[in-house]
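File shown here: start18.cif, holding mmCIF, C-alpha atoms (C1' of nucleotides).
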```
data_entry
#
loop_
_atom_site.label_atom_id
_atom_site.label_comp_id
_atom_site.auth_asym_id
_atom_site.auth_seq_id
_atom_site.Cartn_x
_atom_site.Cartn_y
_atom_site.Cartn_z
CA MET X 15 0.00 0.00 0.00
CA ALA X 16 0.84 3.57 0.41
CA ALA X 17 2.01 5.83 -2.29
CA THR X 18 1.42 9.42 -3.11
CA THR X 19 -2.31 9.51 -2.54
CA GLN X 20 -2.18 8.09 0.96
CA GLN X 21 -3.96 10.23 3.50
CA TYR X 22 -1.93 10.80 6.62
CA THR X 23 -2.95 11.38 10.19
CA TYR X 24 -1.48 14.42 11.83
CA PRO X 25 -1.16 14.92 15.57
CA ASP X 26 -3.72 17.28 17.03
CA ARG X 27 -2.39 20.48 18.46
CA ASP X 28 -2.60 19.20 22.03
CA GLU X 29 -0.80 16.02 21.06
CA ILE X 30 2.34 17.83 19.96
CA ARG X 31 5.17 17.21 22.40
CA ILE X 32 8.06 19.58 22.82
CA GLU X 33 10.64 16.76 22.95
CA ALA X 34 9.57 15.50 19.53
CA VAL X 35 9.61 19.00 18.08
CA LEU X 36 13.10 19.71 19.39
CA ALA X 37 14.43 16.34 18.24
CA ALA X 38 12.98 16.93 14.78
CA LEU X 39 14.50 20.40 14.52
CA ALA X 40 17.90 19.24 15.77
CA ASP X 41 18.86 17.53 12.53
CA PRO X 42 20.66 19.85 10.08
CA VAL X 43 18.78 18.57 7.05
CA ARG X 44 15.38 18.95 8.69
CA LEU X 45 16.27 22.36 10.10
CA ASP X 46 17.17 23.47 6.60
CA MET X 47 13.86 22.18 5.31
CA VAL X 48 12.02 24.18 7.97
CA ARG X 49 13.98 27.27 7.00
CA GLN X 50 12.89 26.79 3.41
CA LEU X 51 9.28 26.57 4.60
CA ALA X 52 9.56 29.55 6.93
CA GLU X 53 8.44 32.27 4.57
CA PRO X 54 4.70 32.71 5.20
CA GLY X 55 2.52 31.03 2.61
CA THR X 56 5.30 28.81 1.37
CA GLU X 57 4.44 25.33 0.15
CA ILE X 58 7.13 22.93 -1.04
CA SER X 59 6.63 19.56 -2.64
CA CYS X 60 8.83 16.59 -1.83
CA SER X 61 10.95 17.12 -4.90
CA GLY X 62 11.06 20.86 -4.33
CA PHE X 63 13.30 20.86 -1.29
CA ALA X 64 16.91 21.87 -1.80
CA VAL X 65 18.66 19.19 0.20
CA ALA X 66 21.58 16.89 -0.49
CA VAL X 67 19.97 13.54 0.32
CA THR X 68 18.20 10.85 -1.66
CA LYS X 69 14.45 10.64 -2.01
CA SER X 70 14.05 7.84 0.50
CA THR X 71 15.99 9.80 3.10
CA LEU X 72 13.91 12.86 2.32
CA THR X 73 10.73 10.86 2.88
CA HIS X 74 12.10 9.75 6.23
CA HIS X 75 12.75 13.37 7.25
CA LEU X 76 9.30 14.46 6.09
CA ARG X 77 7.72 11.74 8.19
CA THR X 78 9.71 12.81 11.24
CA LEU X 79 8.59 16.42 10.77
CA ARG X 80 5.00 15.35 10.17
CA GLU X 81 4.78 13.06 13.19
CA ALA X 82 6.34 15.74 15.37
CA GLY X 83 3.56 18.10 14.31
CA ILE X 84 5.79 20.58 12.50
CA ILE X 85 4.45 20.29 8.97
CA MET X 86 1.23 19.48 7.15
CA GLY X 87 0.72 18.14 3.64
CA ARG X 88 -1.82 19.05 0.99
CA GLN X 89 -2.38 16.55 -1.77
CA GLN X 90 -2.69 17.78 -5.33
CA GLY X 91 -2.34 15.31 -8.15
CA THR X 92 0.81 13.29 -7.67
CA ALA X 93 2.46 16.00 -5.66
CA ARG X 94 2.19 16.60 -1.93
CA TYR X 95 2.67 20.18 -0.88
CA ASN X 96 4.09 20.66 2.58
CA SER X 97 3.74 23.71 4.79
CA LEU X 98 4.63 24.75 8.32
CA ARG X 99 2.06 24.41 11.11
CA ARG X 100 3.07 27.83 12.30
CA ASN X 101 -0.18 28.69 14.06
CA ASP X 102 -0.12 25.54 16.14
CA LEU X 103 3.55 25.85 17.02
CA ASP X 104 3.26 29.53 17.91
CA GLU X 105 0.29 28.80 20.11
CA LEU X 106 1.98 25.94 21.96
CA PHE X 107 5.53 27.29 22.14
CA PRO X 108 5.40 31.04 21.61
CA GLY X 109 8.75 32.31 20.38
CA LEU X 110 10.34 28.96 19.68
CA LEU X 111 10.09 29.06 15.90
CA GLN X 112 11.14 32.70 15.84
CA GLY X 113 14.17 31.95 17.97
CA VAL X 114 15.21 28.96 15.91
CA LEU X 115 14.89 30.89 12.66
CA ALA X 116 16.88 33.79 14.09
CA ALA X 117 19.99 31.61 14.30
CA ARG X 118 22.65 32.68 11.88
CA ARG X 119 23.45 30.07 9.30
CA MET O 5 43.63 14.44 35.97
CA ALA O 6 40.11 15.64 36.12
CA ALA O 7 37.99 15.71 39.17
CA THR O 8 35.85 18.29 40.80
CA THR O 9 38.29 21.16 40.58
CA GLN O 10 38.83 20.91 36.83
CA GLN O 11 38.31 24.19 35.00
CA TYR O 12 36.23 23.83 31.89
CA THR O 13 36.18 25.75 28.66
CA TYR O 14 32.84 27.10 27.57
CA PRO O 15 31.90 28.02 24.02
CA ASP O 16 31.85 31.74 23.34
CA ARG O 17 28.51 33.22 22.51
CA ASP O 18 29.24 33.30 18.79
CA GLU O 19 30.37 29.68 18.88
CA ILE O 20 26.98 28.42 20.06
CA ARG O 21 25.23 26.51 17.27
CA ILE O 22 21.49 26.10 17.11
CA GLU O 23 21.72 22.43 16.13
CA ALA O 24 23.67 21.60 19.28
CA VAL O 25 21.28 23.59 21.46
CA LEU O 26 18.23 21.85 20.01
CA ALA O 27 19.83 18.41 20.28
CA ALA O 28 20.73 19.08 23.90
CA LEU O 29 17.23 20.24 24.77
CA ALA O 30 15.57 17.33 22.97
CA ASP O 31 16.47 14.81 25.66
CA PRO O 32 13.77 14.52 28.37
CA VAL O 33 16.27 14.36 31.23
CA ARG O 34 18.20 17.41 30.04
CA LEU O 35 15.03 19.34 29.32
CA ASP O 36 13.93 18.67 32.87
CA MET O 37 17.28 19.91 34.16
CA VAL O 38 16.86 23.12 32.18
CA ARG O 39 13.38 23.57 33.61
CA GLN O 40 14.82 23.25 37.10
CA LEU O 41 17.37 25.94 36.22
CA ALA O 42 14.83 28.22 34.59
CA GLU O 43 13.89 30.33 37.59
CA PRO O 44 16.13 33.43 37.39
CA GLY O 45 19.08 33.31 39.74
CA THR O 46 18.84 29.57 40.23
CA GLU O 47 22.03 27.61 40.73
CA ILE O 48 21.99 23.84 41.11
CA SER O 49 24.90 21.60 41.98
CA CYS O 50 25.42 18.23 40.37
CA SER O 51 23.85 16.41 43.28
CA GLY O 52 21.05 18.95 43.52
CA PHE O 53 19.22 18.01 40.35
CA ALA O 54 16.04 16.00 40.74
CA VAL O 55 16.56 13.40 38.05
CA ALA O 56 16.23 9.62 37.94
CA VAL O 57 19.67 8.73 36.58
CA THR O 58 23.00 7.77 38.09
CA LYS O 59 25.80 10.23 38.73
CA SER O 60 27.81 9.20 35.72
CA THR O 61 24.83 9.70 33.45
CA LEU O 62 24.17 13.05 35.05
CA THR O 63 27.75 14.09 34.38
CA HIS O 64 27.26 13.11 30.75
CA HIS O 65 24.15 15.29 30.48
CA LEU O 66 25.86 18.21 32.15
CA ARG O 67 28.71 17.99 29.69
CA THR O 68 26.28 17.93 26.78
CA LEU O 69 24.50 21.03 28.09
CA ARG O 70 27.81 22.77 28.78
CA GLU O 71 29.33 22.04 25.37
CA ALA O 72 26.13 23.17 23.68
CA GLY O 73 26.47 26.51 25.47
CA ILE O 74 23.32 26.18 27.56
CA ILE O 75 24.79 26.17 31.06
CA MET O 76 27.77 27.56 32.94
CA GLY O 77 29.44 26.25 36.09
CA ARG O 78 30.78 28.06 39.11
CA GLN O 79 33.24 26.17 41.27
CA GLN O 80 32.90 26.47 45.05
CA GLY O 81 34.73 23.98 47.20
CA THR O 82 33.90 20.50 46.05
CA ALA O 83 30.62 21.56 44.55
CA ARG O 84 30.03 22.93 41.07
CA TYR O 85 27.03 25.21 40.77
CA ASN O 86 25.37 25.28 37.38
CA SER O 87 23.24 28.03 35.93
CA LEU O 88 21.52 28.85 32.64
CA ARG O 89 23.29 31.07 30.08
CA ARG O 90 20.02 32.86 29.60
CA ASN O 91 21.48 36.13 28.37
CA ASP O 92 23.51 34.46 25.65
CA LEU O 93 20.66 32.23 24.52
CA ASP O 94 18.13 35.07 24.49
CA GLU O 95 20.53 37.19 22.46
CA LEU O 96 21.22 34.48 19.89
CA PHE O 97 17.78 32.88 19.68
CA PRO O 98 15.24 35.35 21.03
CA GLY O 99 12.12 33.55 22.17
CA LEU O 100 13.49 30.03 21.98
CA LEU O 101 13.94 29.46 25.69
CA GLN O 102 10.63 31.11 26.45
CA GLY O 103 8.86 28.90 23.93
CA VAL O 104 10.48 25.74 25.21
CA LEU O 105 9.62 26.53 28.80
CA ALA O 106 6.03 27.34 27.86
CA ALA O 107 5.44 23.72 26.88
CA ARG O 108 3.05 21.96 29.18
CA ARG O 109 4.62 19.13 31.07
"C1'" DG Z 16 46.13 10.99 58.16
"C1'" DT Z 17 41.40 8.87 57.31
"C1'" DC Z 18 36.92 9.07 55.82
"C1'" DG Z 19 32.80 10.71 53.40
"C1'" DT Z 20 31.14 13.77 49.80
"C1'" DT Z 21 31.32 15.40 45.17
"C1'" DG Z 22 32.11 14.84 40.73
"C1'" DT Z 23 34.80 12.76 36.64
"C1'" DT Z 24 36.52 9.11 33.49
"C1'" DC Z 25 36.49 4.76 31.29
"C1'" DG Z 26 34.71 0.70 29.04
"C1'" DA Z 27 30.55 -1.84 27.74
"C1'" DT Z 28 25.92 -2.39 26.08
"C1'" DG Z 29 21.56 -1.88 24.02
"C1'" DG Z 30 18.63 1.13 21.49
"C1'" DT Z 31 17.82 4.76 18.28
"C1'" DT Z 32 18.59 6.99 13.88
"C1'" DG Z 33 20.42 8.96 9.47
"C1'" DT Z 34 21.64 7.11 5.20
"C1'" DC Z 35 21.17 4.50 1.07
"C1'" DG Z 36 19.54 1.17 -2.69
"C1'" DT Z 37 15.87 -1.32 -4.43
"C1'" DA Z 38 11.30 -2.21 -5.26
"C1'" DG Z 39 6.61 -0.85 -5.47
"C1'" DT Z 40 2.40 2.28 -6.00
"C1'" DT Z 41 -0.39 6.04 -7.69
"C1'" DC Z 42 -1.33 9.49 -10.96
"C1'" DG Z 43 -1.13 12.21 -15.32
"C1'" DA Z 44 0.29 12.47 -20.09
"C1'" DT Z 45 1.21 10.69 -24.46
"C1'" DA E 3 -1.86 0.85 -22.44
"C1'" DT E 4 2.55 2.43 -21.78
"C1'" DC E 5 5.69 5.55 -19.91
"C1'" DG E 6 7.63 8.74 -16.65
"C1'" DA E 7 7.22 11.49 -12.52
"C1'" DA E 8 6.30 11.72 -7.56
"C1'" DC E 9 6.50 9.59 -3.48
"C1'" DT E 10 6.52 5.57 -0.15
"C1'" DA E 11 7.99 1.14 2.06
"C1'" DC E 12 11.38 -2.20 3.35
"C1'" DG E 13 15.73 -4.06 4.59
"C1'" DA E 14 20.49 -3.16 5.71
"C1'" DC E 15 24.30 -0.85 7.68
"C1'" DA E 16 27.10 2.34 10.24
"C1'" DA E 17 27.23 5.86 13.60
"C1'" DC E 18 25.71 7.94 17.47
"C1'" DC E 19 23.95 8.12 22.23
"C1'" DA E 20 21.75 7.31 26.82
"C1'" DT E 21 22.60 4.36 30.40
"C1'" DC E 22 25.10 1.91 33.85
"C1'" DG E 23 28.92 0.04 37.07
"C1'" DA E 24 33.35 0.47 38.72
"C1'" DA E 25 37.41 2.93 39.57
"C1'" DC E 26 39.60 7.30 40.38
"C1'" DA E 27 40.65 12.29 41.98
"C1'" DA E 28 40.05 16.45 44.76
"C1'" DC E 29 38.40 18.69 48.68
"C1'" DG E 30 36.61 19.39 53.56
"C1'" DA E 31 35.96 17.66 58.18
"C1'" DC E 32 37.15 15.05 62.04
#
```
How would this structure read if it were set down as structure tokens?
Amino acid sequence: MAATTQQYTYPDRDEIRIEAVLAALADPVRLDMVRQLAEPGTEISCSGFAVAVTKSTLTHHLRTLREAGIIMGRQQGTARYNSLRRNDLDELFPGLLQGVLAARR
Amino acid sequence: MAATTQQYTYPDRDEIRIEAVLAALADPVRLDMVRQLAEPGTEISCSGFAVAVTKSTLTHHLRTLREAGIIMGRQQGTARYNSLRRNDLDELFPGLLQGVLAARR
DNA sequence: GTCGTTGTTCGATGGTTGTCGTAGTTCGAT
DNA sequence: ATCGAACTACGACAACCATCGAACAACGAC
């Protein structure tokens, strides 16, 4: 089973745990992906991320971010467009995302 | 070498990397230690932390937090008093600490 | 000096995870 | 219906890490 059209379950806002969020953001590749999603209104498909890993590794990182509650996906055709759950994160951990994104590269 | 009196080197403010900070905070034990240090002016010695791990494990966590730039230590007799580098963290990543500490336990 | 307290270091171990290649599935286009 | 594009799943492997026990070092107190 499971390909592009699969519908995922996302954690509710009150199911998001800070440990999972921090662990997800701690990886350099995933942090870079979040930076690319940071601009408001940004949606990036799986193949649209500028990262130096293979597709299977990228899928793994997307799942980690999704299960941590950091991103959401919108299905459109064969593509899945990912975006930041900024409202939820700002509500739960006010300032966290801002502080992380303020870090100099 | 190396016992209680050892003087450590701490990363300068501009050497603190966000990936290391996030990785250090992602561990439940270390996050709990940071919460215990969060009250302004708080200093906690190695044996003063309320954690469910052995001393050697606690030393490991303290080193991780220290090398990430999250805590500093003040030597006094045989005890080493640890405190948060709140000023440095707030300057580098404004809002991060606040957001992390806002998470419900 | 001797002892207890405080904290570190050194293996060892088991679990987690980041990475990849390969194979498979769904969809749209030709 | 056949092909390619987009993405996922599975198995494998290496690297990292949290944890512990045991031994060690420095200091203060008696």
Mind fitting chain X onto chain O over all Cα atoms in sequence order and sending the result as an mmCIF file with C-alpha atoms, in the frame of the given file?
```cif
data_model
loop_
_atom_site.group_PDB
_atom_site.id
_atom_site.type_symbol
_atom_site.label_atom_id
_atom_site.label_comp_id
_atom_site.auth_asym_id
_atom_site.auth_seq_id
_atom_site.Cartn_x
_atom_site.Cartn_y
_atom_site.Cartn_z
ATOM 1 C CA MET X 15 43.226 13.913 35.796
ATOM 2 C CA ALA X 16 40.054 15.774 36.094
ATOM 3 C CA ALA X 17 37.880 15.856 39.100
ATOM 4 C CA THR X 18 35.799 18.487 40.729
ATOM 5 C CA THR X 19 38.265 21.337 40.539
ATOM 6 C CA GLN X 20 38.863 21.057 36.818
ATOM 7 C CA GLN X 21 38.328 24.302 34.978
ATOM 8 C CA TYR X 22 36.222 23.904 31.882
ATOM 9 C CA THR X 23 36.180 25.791 28.632
ATOM 10 C CA TYR X 24 32.834 27.114 27.562
ATOM 11 C CA PRO X 25 31.905 28.027 24.006
ATOM 12 C CA ASP X 26 31.854 31.742 23.335
ATOM 13 C CA ARG X 27 28.511 33.227 22.516
ATOM 14 C CA ASP X 28 29.237 33.298 18.789
ATOM 15 C CA GLU X 29 30.355 29.687 18.876
ATOM 16 C CA ILE X 30 26.988 28.407 20.047
ATOM 17 C CA ARG X 31 25.242 26.499 17.280
ATOM 18 C CA ILE X 32 21.506 26.098 17.119
ATOM 19 C CA GLU X 33 21.722 22.407 16.143
ATOM 20 C CA ALA X 34 23.685 21.595 19.292
ATOM 21 C CA VAL X 35 21.290 23.579 21.457
ATOM 22 C CA LEU X 36 18.242 21.838 20.015
ATOM 23 C CA ALA X 37 19.838 18.399 20.279
ATOM 24 C CA ALA X 38 20.745 19.080 23.904
ATOM 25 C CA LEU X 39 17.235 20.243 24.768
ATOM 26 C CA ALA X 40 15.592 17.311 22.988
ATOM 27 C CA ASP X 41 16.452 14.787 25.677
ATOM 28 C CA PRO X 42 13.776 14.512 28.395
ATOM 29 C CA VAL X 43 16.277 14.350 31.236
ATOM 30 C CA ARG X 44 18.208 17.389 30.039
ATOM 31 C CA LEU X 45 15.021 19.324 29.325
ATOM 32 C CA ASP X 46 13.932 18.662 32.884
ATOM 33 C CA MET X 47 17.268 19.892 34.164
ATOM 34 C CA VAL X 48 16.864 23.113 32.182
ATOM 35 C CA ARG X 49 13.387 23.555 33.614
ATOM 36 C CA GLN X 50 14.822 23.239 37.099
ATOM 37 C CA LEU X 51 17.369 25.932 36.229
ATOM 38 C CA ALA X 52 14.826 28.216 34.584
ATOM 39 C CA GLU X 53 13.879 30.315 37.571
ATOM 40 C CA PRO X 54 16.096 33.418 37.399
ATOM 41 C CA GLY X 55 19.050 33.301 39.754
ATOM 42 C CA THR X 56 18.828 29.569 40.221
ATOM 43 C CA GLU X 57 22.026 27.607 40.731
ATOM 44 C CA ILE X 58 21.989 23.831 41.119
ATOM 45 C CA SER X 59 24.895 21.602 41.990
ATOM 46 C CA CYS X 60 25.419 18.230 40.356
ATOM 47 C CA SER X 61 23.858 16.402 43.258
ATOM 48 C CA GLY X 62 21.055 18.933 43.505
ATOM 49 C CA PHE X 63 19.218 17.988 40.344
ATOM 50 C CA ALA X 64 16.042 15.968 40.725
ATOM 51 C CA VAL X 65 16.559 13.367 38.039
ATOM 52 C CA ALA X 66 16.245 9.601 37.941
ATOM 53 C CA VAL X 67 19.680 8.701 36.576
ATOM 54 C CA THR X 68 23.015 7.751 38.081
ATOM 55 C CA LYS X 69 25.796 10.217 38.722
ATOM 56 C CA SER X 70 27.840 9.185 35.712
ATOM 57 C CA THR X 71 24.851 9.662 33.431
ATOM 58 C CA LEU X 72 24.177 13.015 35.045
ATOM 59 C CA THR X 73 27.758 14.081 34.361
ATOM 60 C CA HIS X 74 27.289 13.088 30.738
ATOM 61 C CA HIS X 75 24.154 15.250 30.471
ATOM 62 C CA LEU X 76 25.874 18.191 32.153
ATOM 63 C CA ARG X 77 28.717 17.967 29.669
ATOM 64 C CA THR X 78 26.287 17.914 26.753
ATOM 65 C CA LEU X 79 24.526 21.013 28.096
ATOM 66 C CA ARG X 80 27.835 22.740 28.778
ATOM 67 C CA GLU X 81 29.342 22.028 25.367
ATOM 68 C CA ALA X 82 26.141 23.165 23.686
ATOM 69 C CA GLY X 83 26.479 26.492 25.484
ATOM 70 C CA ILE X 84 23.330 26.155 27.575
ATOM 71 C CA ILE X 85 24.796 26.157 31.066
ATOM 72 C CA MET X 86 27.777 27.528 32.957
ATOM 73 C CA GLY X 87 29.417 26.243 36.125
ATOM 74 C CA ARG X 88 30.774 28.091 39.132
ATOM 75 C CA GLN X 89 33.208 26.233 41.324
ATOM 76 C CA GLN X 90 32.877 26.503 45.079
ATOM 77 C CA GLY X 91 34.665 24.001 47.252
ATOM 78 C CA THR X 92 33.882 20.509 46.056
ATOM 79 C CA ALA X 93 30.612 21.565 44.538
ATOM 80 C CA ARG X 94 30.021 22.964 41.068
ATOM 81 C CA TYR X 95 27.031 25.227 40.779
ATOM 82 C CA ASN X 96 25.380 25.279 37.390
ATOM 83 C CA SER X 97 23.235 28.034 35.935
ATOM 84 C CA LEU X 98 21.544 28.852 32.648
ATOM 85 C CA ARG X 99 23.306 31.067 30.100
ATOM 86 C CA ARG X 100 20.050 32.876 29.592
ATOM 87 C CA ASN X 101 21.522 36.152 28.368
ATOM 88 C CA ASP X 102 23.538 34.465 25.658
ATOM 89 C CA LEU X 103 20.691 32.237 24.531
ATOM 90 C CA ASP X 104 18.177 35.083 24.491
ATOM 91 C CA GLU X 105 20.551 37.197 22.469
ATOM 92 C CA LEU X 106 21.252 34.488 19.895
ATOM 93 C CA PHE X 107 17.810 32.885 19.685
ATOM 94 C CA PRO X 108 15.268 35.356 21.025
ATOM 95 C CA GLY X 109 12.155 33.538 22.186
ATOM 96 C CA LEU X 110 13.514 30.023 21.993
ATOM 97 C CA LEU X 111 13.969 29.451 25.712
ATOM 98 C CA GLN X 112 10.645 31.107 26.462
ATOM 99 C CA GLY X 113 8.882 28.902 23.950
ATOM 100 C CA VAL X 114 10.493 25.725 25.208
ATOM 101 C CA LEU X 115 9.639 26.534 28.814
ATOM 102 C CA ALA X 116 6.053 27.348 27.869
ATOM 103 C CA ALA X 117 5.437 23.720 26.905
ATOM 104 C CA ARG X 118 3.055 22.006 29.243
ATOM 105 C CA ARG X 119 4.609 19.141 31.111
#
```
Handout entry: Given the PyMOL selection byres ((chain O) within 12 of (chain Z)), the residues it picks as a list of chain:residue names
Key = O:Met5, O:Ala6, O:Ala7, O:Thr8, O:Thr9, O:Gln10, O:Ser49, O:Cys50, O:Ser51, O:Gly52, O:Thr58, O:Lys59, O:Ser60, O:Thr61, O:Leu62, O:Thr63, O:His64, O:Leu66, O:Arg67, O:Gln79, O:Gln80, O:Gly81, O:Thr82, O:Ala83, O:Arg84, O:Tyr85
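You can rank E:DG30, E:DT4, E:DA17, E:DC9 by their closest distance to chain O using all atoms listed in the file, and at the top of that list sits E:DG30.
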Exercise for the section: Considering all atoms listed in the file, extract the chain O residues located within 9 Å of chain X and return them as a PyMOL selection string. Expected result: chain O and resi 21-32+35+94+96-109
Where is the centre and how long are the edges: axis-aligned box on stretch 39-56 of chain O, 8 Å on each side, Å to one decimal, as AutoDock Vina command-line options:
```
--center_x 19.4 --center_y 21.5 --center_z 38.6 --size_x 28.0 --size_y 39.8 --size_z 25.9
```
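Residues matched by the PyMOL selection byres ((chain E) within 9 of (chain X)) in this structure: DA7, DA8, DC9, DT10 and DA11 of chain E.
One distance worth recording is that between atom CA of X:Pro25 and atom CA of X:Ala52, which is 20.1 Å.
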Problem - Atomic separation - atom CA of X:Asp26 relative to atom CA of O:Asp36, Å - result: 23.8 Å
Handout entry: Between atom CA of X:Tyr24 and atom CA of X:Val65, distance in Å (one decimal)
Key = 23.7 Å
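Neighbouring residues of O:Asn86 at 7 Å or closer, counting all atoms listed in the file and skipping chain neighbours under 5 positions away, are Glu47, Ile48, Ser49, Ile75, Met76, Gly77 and Arg78 of chain O.
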